[in-house]
Amino acid sequence: MHFSDFGFIALILALGFAIYTGCSAVVGARRNSRLVLASAKRGVLVVAFFLVLSSAALIVSFLSHDFGVSYVAQHSSLAMPWYFTTAAFYGGQEGSLLYWALMLGIFSAIFALTAKRTVPVLVPYVIATLMAIQTFLLIVLVTVSNPFARLPVAPPDGVGLNPLLMDPGMLVHPPMLLMGYMSFSIPFAFAVAALITGKLDSEWLRSIRRWTLAAWTIQTTGLILGAWWAYHVLGWGGYWGWDPVENAALLPWLTSTAFLHSTMVQERRGMLKVWNLVLVVASFTLAIFGTFEVRSGIISSVHSFAYSDIGIYFLVFLVIVIVFSTLLFLYRLPKLRPEQEFDSPISREGIFLLNNLLLVGIAFATLWGTIFPLISAALRQQTMTVGPPFYNAVNGPIFLVLLLAMGIGPLLAWRRTSLRTVWHNLGVPALAAAACAAILPLAGVRDIWANIAFAVCTFTAGAIFYELWRGMRVRHRHGEAYPQALIMLIRRYRQRYGGYIVHLGLVMLAVGVIGSHFFQVQQDATLKAGQEMHIAGYSLKFYGNIGETYPGTTSVKSILQVWQGDQYEGFIYPGRVFYQNFGNQPASIIAITTFGLTDVYVFLADWNGASEATIRVFINPLTPLVWYGGAVMLLGGIVCWWPERRKRSVIKLSEMAGAVAQGERAVATAKQATKPTGRDDEEIVV
């Protein structure tokens, strides 16, 4: 037997235990049997165990170059380094689906091991929902997308990875994005459990807060890494092209971001119950839609797999999820009435609602642009594509309003805020934005939209720093130094100040997007050895081309010397690499050198022998802020997710031997000692 045979057997066993575990969880809940429920929890661990075994078998097949396995032969070769060979595990359709099942198994196991922190009545239905999803994935893996299928005759060498994937970003970008898709399964399972049980108060929201934060942080990481990969590999000078697969990854991020904000309104005011459930279900269904889009091949994308029949399975599954969720909504609708009404739009909950509408508006516009080619092909028999101009024209203004609301919201009170308080809290950020709008034209920024966008970013950043300063000032009055006060604020109120860090990172990212969009400079030049080109204050001198040969690849690189004004900065080497196993398909070697907050981005378009090259140069102002801002967003997400230290009061009850009156007084004393203080950040545990 081969390792691949063990891997397939492990898949079948995982499928069997997934079905058993899901059924046991439902039976245990209906019969209120602790023994059956305990068996279901152990079943989750067994499913995860067999998925780990199956995944390990596939990785061993790759590392041992078992080209008798069709998937291994198609996605690896003898010349590939071991780290790319290992990463090929999730480099194709079958392996990435197994990776998704593996991650779902691991996350489900983590939930089963920590289920005691969850509302008990929800646990069995969460497990049942997760196992239903797992069962679907395993059925697809075992039947139509088997990563362990063997060839009649093993070839002497494999084809290797797609050249576009032979990049260090391949090691982290796809697994993070796939994990992000998968992680929306946990909040969805909680939503289904809440609808089935009727436990629709704020308890289920508190149970999934950290799960949703984890999903959001993982998906954010995947999106940032995807943009970085596109910037460093594709060679068009940008990082986000509104590609259909990029859009599909963005959609659940938008709805989950809306959910993280609207959940605070329900917890605080008992409102938006239906809306929160819709957002959770929408995030999961959009993740499934993205998977369907990538795996069906019905929409052309540099990121998508070739056309495959597997897409129809995900389409059917998507329809089942939507229909099942809708029926549950209709059944529980009478229990989803809000406990309070909005008092005023000039309030924190009013801004949160606006925030949600804007995020969903961006999601709808992006979804419409993504599926419009399919609709046009079906109705008009011709495909009409939707490009970046549409998305920029529609989503750009919405995003600016969202940034503005992001700065206003934290400075408003719940229920209602007087106009005097509004001006008192927003005066400083507004003055900073006005100063920015006045100074930028004097600095040469003539584009009105760029001016407005930078002013909005200044307002929001000013509001964030103003709120941080107010909190620090209060603690400083009690004797803490300002740096210590900031650290203690973040430690004590992690979700609130972690959110501010995320907002600050988003402002930084927005400044980078604005700068690279409005002020990018592009120039093509054909140079002979010794010639120079000049662009936006930079000079590039061409010295010639060199060729290199390695096992399985050949490459050509141009030697360029870069100057900023009169200052010498060094050499860069843009080029192309050709992969023999892929019919000499080329991949670009992009040369990027950064000067402060400006990138000089060079792409080798063509060459002629050793002494002539045609290069395309982009000057991308403020682009590094996209990556710095993304890193700050991730830091804020981790701060929000990190468990808060809980205050614990340990109460020693006196011995209650003797009179009944003495016992009653002791109980009364204990109750008084454990009375909640009313502070959101404290929890007393007896």
# chains A, B, ... in the order shown; residues from 1 in each chain; ligands from 1
>>> residues_around(residues="Ser555 (chain A)", least_positions_apart="3", cutoff="7 Å", atoms="only C-alpha atoms", output="JSON, numbers by chain")
{"A": [547, 548, 549, 576, 577, 578]}
>>> residues_around(residues="Val144 (chain A)", least_positions_apart="4", cutoff="12 Å", atoms="only C-alpha atoms", output="list in words")
Gln93, Glu94, Leu97, Phe136, Leu137, Leu138, Ile139, Val140, Phe148, Ala149, Ser308, Asp309, Ile310, Gly311, Ile312 and Tyr313 of chain A
>>> write_last_selection(atoms="N, CA and C atoms", output="compact mmCIF listing (two decimals), in the first residue's frame")
# COMPACT_ATOMS: atom_id res chain seq x y z
N GLN A 93 -6.89 22.23 -6.83
CA GLN A 93 -8.29 22.16 -6.41
C GLN A 93 -8.51 21.11 -5.32
N GLU A 94 -8.05 19.89 -5.56
CA GLU A 94 -8.31 18.81 -4.61
C GLU A 94 -7.62 19.06 -3.27
N LEU A 97 -9.18 21.87 -1.20
CA LEU A 97 -10.43 21.44 -0.57
C LEU A 97 -10.14 20.57 0.66
N PHE A 136 -20.46 17.51 3.83
CA PHE A 136 -20.51 17.94 2.44
C PHE A 136 -19.11 17.97 1.82
N LEU A 137 -18.16 18.58 2.52
CA LEU A 137 -16.80 18.67 1.98
C LEU A 137 -16.19 17.28 1.77
N LEU A 138 -16.41 16.39 2.72
CA LEU A 138 -15.82 15.05 2.62
C LEU A 138 -16.48 14.22 1.52
N ILE A 139 -17.77 14.41 1.31
CA ILE A 139 -18.42 13.70 0.20
C ILE A 139 -17.83 14.13 -1.13
N VAL A 140 -17.60 15.44 -1.28
CA VAL A 140 -16.99 15.94 -2.51
C VAL A 140 -15.58 15.39 -2.67
N PHE A 148 -6.20 11.74 -3.78
CA PHE A 148 -5.35 10.54 -3.73
C PHE A 148 -5.54 9.63 -4.94
N ALA A 149 -6.27 10.09 -5.95
CA ALA A 149 -6.47 9.27 -7.14
C ALA A 149 -5.13 8.97 -7.80
N SER A 308 -14.52 23.16 -13.86
CA SER A 308 -14.64 21.86 -13.21
C SER A 308 -16.09 21.62 -12.84
N ASP A 309 -16.49 20.35 -12.86
CA ASP A 309 -17.85 19.99 -12.47
C ASP A 309 -18.07 20.15 -10.98
N ILE A 310 -17.01 20.34 -10.22
CA ILE A 310 -17.16 20.47 -8.77
C ILE A 310 -17.98 21.70 -8.39
N GLY A 311 -17.99 22.71 -9.28
CA GLY A 311 -18.72 23.94 -8.98
C GLY A 311 -20.19 23.71 -8.74
N ILE A 312 -20.79 22.76 -9.44
CA ILE A 312 -22.22 22.52 -9.30
C ILE A 312 -22.55 22.01 -7.90
N TYR A 313 -21.62 21.28 -7.29
CA TYR A 313 -21.85 20.79 -5.93
C TYR A 313 -21.91 21.96 -4.95
>>> closest_residue(among="A:Ala363, A:Val562, A:Ile371, A:Leu622", to="Pro244 (chain A)", atoms="only C-alpha atoms")
A:Ile371
>>> closest_residue(among="A:Ala112, A:Ala455, A:Ile59, A:Ala79", to="Pro441 (chain A)", atoms="only C-alpha atoms")
A:Ala455
>>> residues_around(residues="Ala128 (chain A)", least_positions_apart="6", cutoff="12 Å", atoms="only C-alpha atoms", output="JSON, numbers by chain")
{"A": [17, 18, 19, 20, 21, 22, 23, 24, 25, 26, 27, 28, 29, 37, 40, 41, 43, 44, 108, 112, 122, 134, 135, 185, 186, 188, 189, 190, 192, 193, 196]}
>>> residues_around(residues="Ala248 (chain A)", least_positions_apart="5", cutoff="9 Å", atoms="only C-alpha atoms", output="list in words")
Asp243, Leu286, Ala287, Phe289, Gly290, Thr291, Glu293, Val294, Thr366, Leu367 and Thr370 of chain A
>>> write_last_selection(atoms="N, CA and C atoms", output="PDB file, in the first residue's frame")
ATOM      1  N   ASP A 243     -10.444  42.030  -9.454  1.00  0.00           N
ATOM      2  CA  ASP A 243     -10.596  40.737 -10.096  1.00  0.00           C
ATOM      3  C   ASP A 243     -11.754  39.988  -9.422  1.00  0.00           C
ATOM      4  N   LEU A 286     -21.589  34.006   1.401  1.00  0.00           N
ATOM      5  CA  LEU A 286     -20.672  34.672   0.473  1.00  0.00           C
ATOM      6  C   LEU A 286     -19.337  33.953   0.404  1.00  0.00           C
ATOM      7  N   ALA A 287     -18.913  33.354   1.520  1.00  0.00           N
ATOM      8  CA  ALA A 287     -17.697  32.532   1.478  1.00  0.00           C
ATOM      9  C   ALA A 287     -17.905  31.312   0.587  1.00  0.00           C
ATOM     10  N   PHE A 289     -20.095  31.206  -1.862  1.00  0.00           N
ATOM     11  CA  PHE A 289     -20.175  31.744  -3.224  1.00  0.00           C
ATOM     12  C   PHE A 289     -18.776  31.959  -3.799  1.00  0.00           C
ATOM     13  N   GLY A 290     -17.873  32.488  -2.992  1.00  0.00           N
ATOM     14  CA  GLY A 290     -16.512  32.691  -3.462  1.00  0.00           C
ATOM     15  C   GLY A 290     -15.846  31.380  -3.828  1.00  0.00           C
ATOM     16  N   THR A 291     -16.098  30.350  -3.016  1.00  0.00           N
ATOM     17  CA  THR A 291     -15.529  29.041  -3.319  1.00  0.00           C
ATOM     18  C   THR A 291     -16.115  28.491  -4.611  1.00  0.00           C
ATOM     19  N   GLU A 293     -17.284  30.224  -7.091  1.00  0.00           N
ATOM     20  CA  GLU A 293     -16.756  31.020  -8.205  1.00  0.00           C
ATOM     21  C   GLU A 293     -15.352  30.573  -8.591  1.00  0.00           C
ATOM     22  N   VAL A 294     -14.507  30.336  -7.580  1.00  0.00           N
ATOM     23  CA  VAL A 294     -13.127  29.932  -7.846  1.00  0.00           C
ATOM     24  C   VAL A 294     -13.077  28.542  -8.458  1.00  0.00           C
ATOM     25  N   THR A 366     -20.130  45.447  -5.252  1.00  0.00           N
ATOM     26  CA  THR A 366     -19.051  44.534  -5.651  1.00  0.00           C
ATOM     27  C   THR A 366     -19.610  43.213  -6.162  1.00  0.00           C
ATOM     28  N   LEU A 367     -20.639  42.695  -5.472  1.00  0.00           N
ATOM     29  CA  LEU A 367     -21.262  41.449  -5.913  1.00  0.00           C
ATOM     30  C   LEU A 367     -21.924  41.631  -7.280  1.00  0.00           C
ATOM     31  N   THR A 370     -19.423  41.691  -9.975  1.00  0.00           N
ATOM     32  CA  THR A 370     -18.788  40.378 -10.156  1.00  0.00           C
ATOM     33  C   THR A 370     -19.660  39.446 -10.990  1.00  0.00           C
TER      34      THR A 370
END
>>> closest_residue(among="A:Tyr391, A:Phe67, A:Phe364, A:Tyr500", to="Gly409 (chain A)", atoms="only C-alpha atoms")
A:Tyr500
>>> atom_distance(atom1="CA of Gly68 (chain A)", atom2="CA of Gly95 (chain A)")
15.6 Å
>>> decode(residues="region 557-607 of chain A", atoms="C-alpha atoms", output="mmCIF file, in the first residue's frame")
data_model
loop_
_atom_site.group_PDB
_atom_site.id
_atom_site.type_symbol
_atom_site.label_atom_id
_atom_site.label_comp_id
_atom_site.auth_asym_id
_atom_site.auth_seq_id
_atom_site.Cartn_x
_atom_site.Cartn_y
_atom_site.Cartn_z
ATOM 1 C CA LYS A 557 17.377 39.896 -15.908
ATOM 2 C CA SER A 558 18.127 43.500 -16.729
ATOM 3 C CA ILE A 559 20.706 45.437 -14.727
ATOM 4 C CA LEU A 560 19.513 48.925 -13.798
ATOM 5 C CA GLN A 561 21.085 51.584 -11.626
ATOM 6 C CA VAL A 562 18.659 53.858 -9.757
ATOM 7 C CA TRP A 563 19.175 57.490 -8.748
ATOM 8 C CA GLN A 564 16.892 59.827 -6.840
ATOM 9 C CA GLY A 565 17.940 63.221 -8.068
ATOM 10 C CA ASP A 566 21.703 63.282 -7.523
ATOM 11 C CA GLN A 567 21.637 60.579 -4.865
ATOM 12 C CA TYR A 568 22.725 57.076 -5.879
ATOM 13 C CA GLU A 569 20.407 54.384 -4.503
ATOM 14 C CA GLY A 570 21.748 51.086 -5.906
ATOM 15 C CA PHE A 571 21.046 48.412 -8.521
ATOM 16 C CA ILE A 572 17.797 46.610 -9.297
ATOM 17 C CA TYR A 573 17.203 43.527 -11.459
ATOM 18 C CA PRO A 574 13.768 43.180 -13.108
ATOM 19 C CA GLY A 575 13.388 40.113 -15.301
ATOM 20 C CA ARG A 576 11.480 37.065 -16.472
ATOM 21 C CA VAL A 577 11.795 33.399 -15.497
ATOM 22 C CA PHE A 578 10.649 30.549 -17.789
ATOM 23 C CA TYR A 579 9.437 27.178 -16.492
ATOM 24 C CA GLN A 580 10.246 24.293 -18.814
ATOM 25 C CA ASN A 581 7.611 21.907 -17.435
ATOM 26 C CA PHE A 582 4.943 24.516 -18.213
ATOM 27 C CA GLY A 583 5.944 24.965 -21.854
ATOM 28 C CA ASN A 584 8.371 27.763 -20.966
ATOM 29 C CA GLN A 585 5.519 29.806 -19.491
ATOM 30 C CA PRO A 586 7.027 33.038 -18.130
ATOM 31 C CA ALA A 587 6.625 34.627 -14.726
ATOM 32 C CA SER A 588 7.743 38.161 -13.941
ATOM 33 C CA ILE A 589 10.540 39.176 -11.608
ATOM 34 C CA ILE A 590 9.422 42.573 -10.369
ATOM 35 C CA ALA A 591 12.042 44.982 -9.067
ATOM 36 C CA ILE A 592 10.727 47.306 -6.354
ATOM 37 C CA THR A 593 12.834 49.784 -4.447
ATOM 38 C CA THR A 594 11.311 52.042 -1.811
ATOM 39 C CA PHE A 595 12.309 55.642 -1.080
ATOM 40 C CA GLY A 596 10.563 56.732 2.098
ATOM 41 C CA LEU A 597 6.871 56.370 1.240
ATOM 42 C CA THR A 598 7.336 56.023 -2.534
ATOM 43 C CA ASP A 599 7.926 52.842 -4.528
ATOM 44 C CA VAL A 600 9.883 52.702 -7.776
ATOM 45 C CA TYR A 601 8.333 49.674 -9.488
ATOM 46 C CA VAL A 602 10.070 48.237 -12.584
ATOM 47 C CA PHE A 603 8.743 45.574 -14.958
ATOM 48 C CA LEU A 604 10.745 44.056 -17.833
ATOM 49 C CA ALA A 605 8.374 44.203 -20.809
ATOM 50 C CA ASP A 606 10.751 43.006 -23.551
ATOM 51 C CA TRP A 607 14.431 42.582 -24.393
#
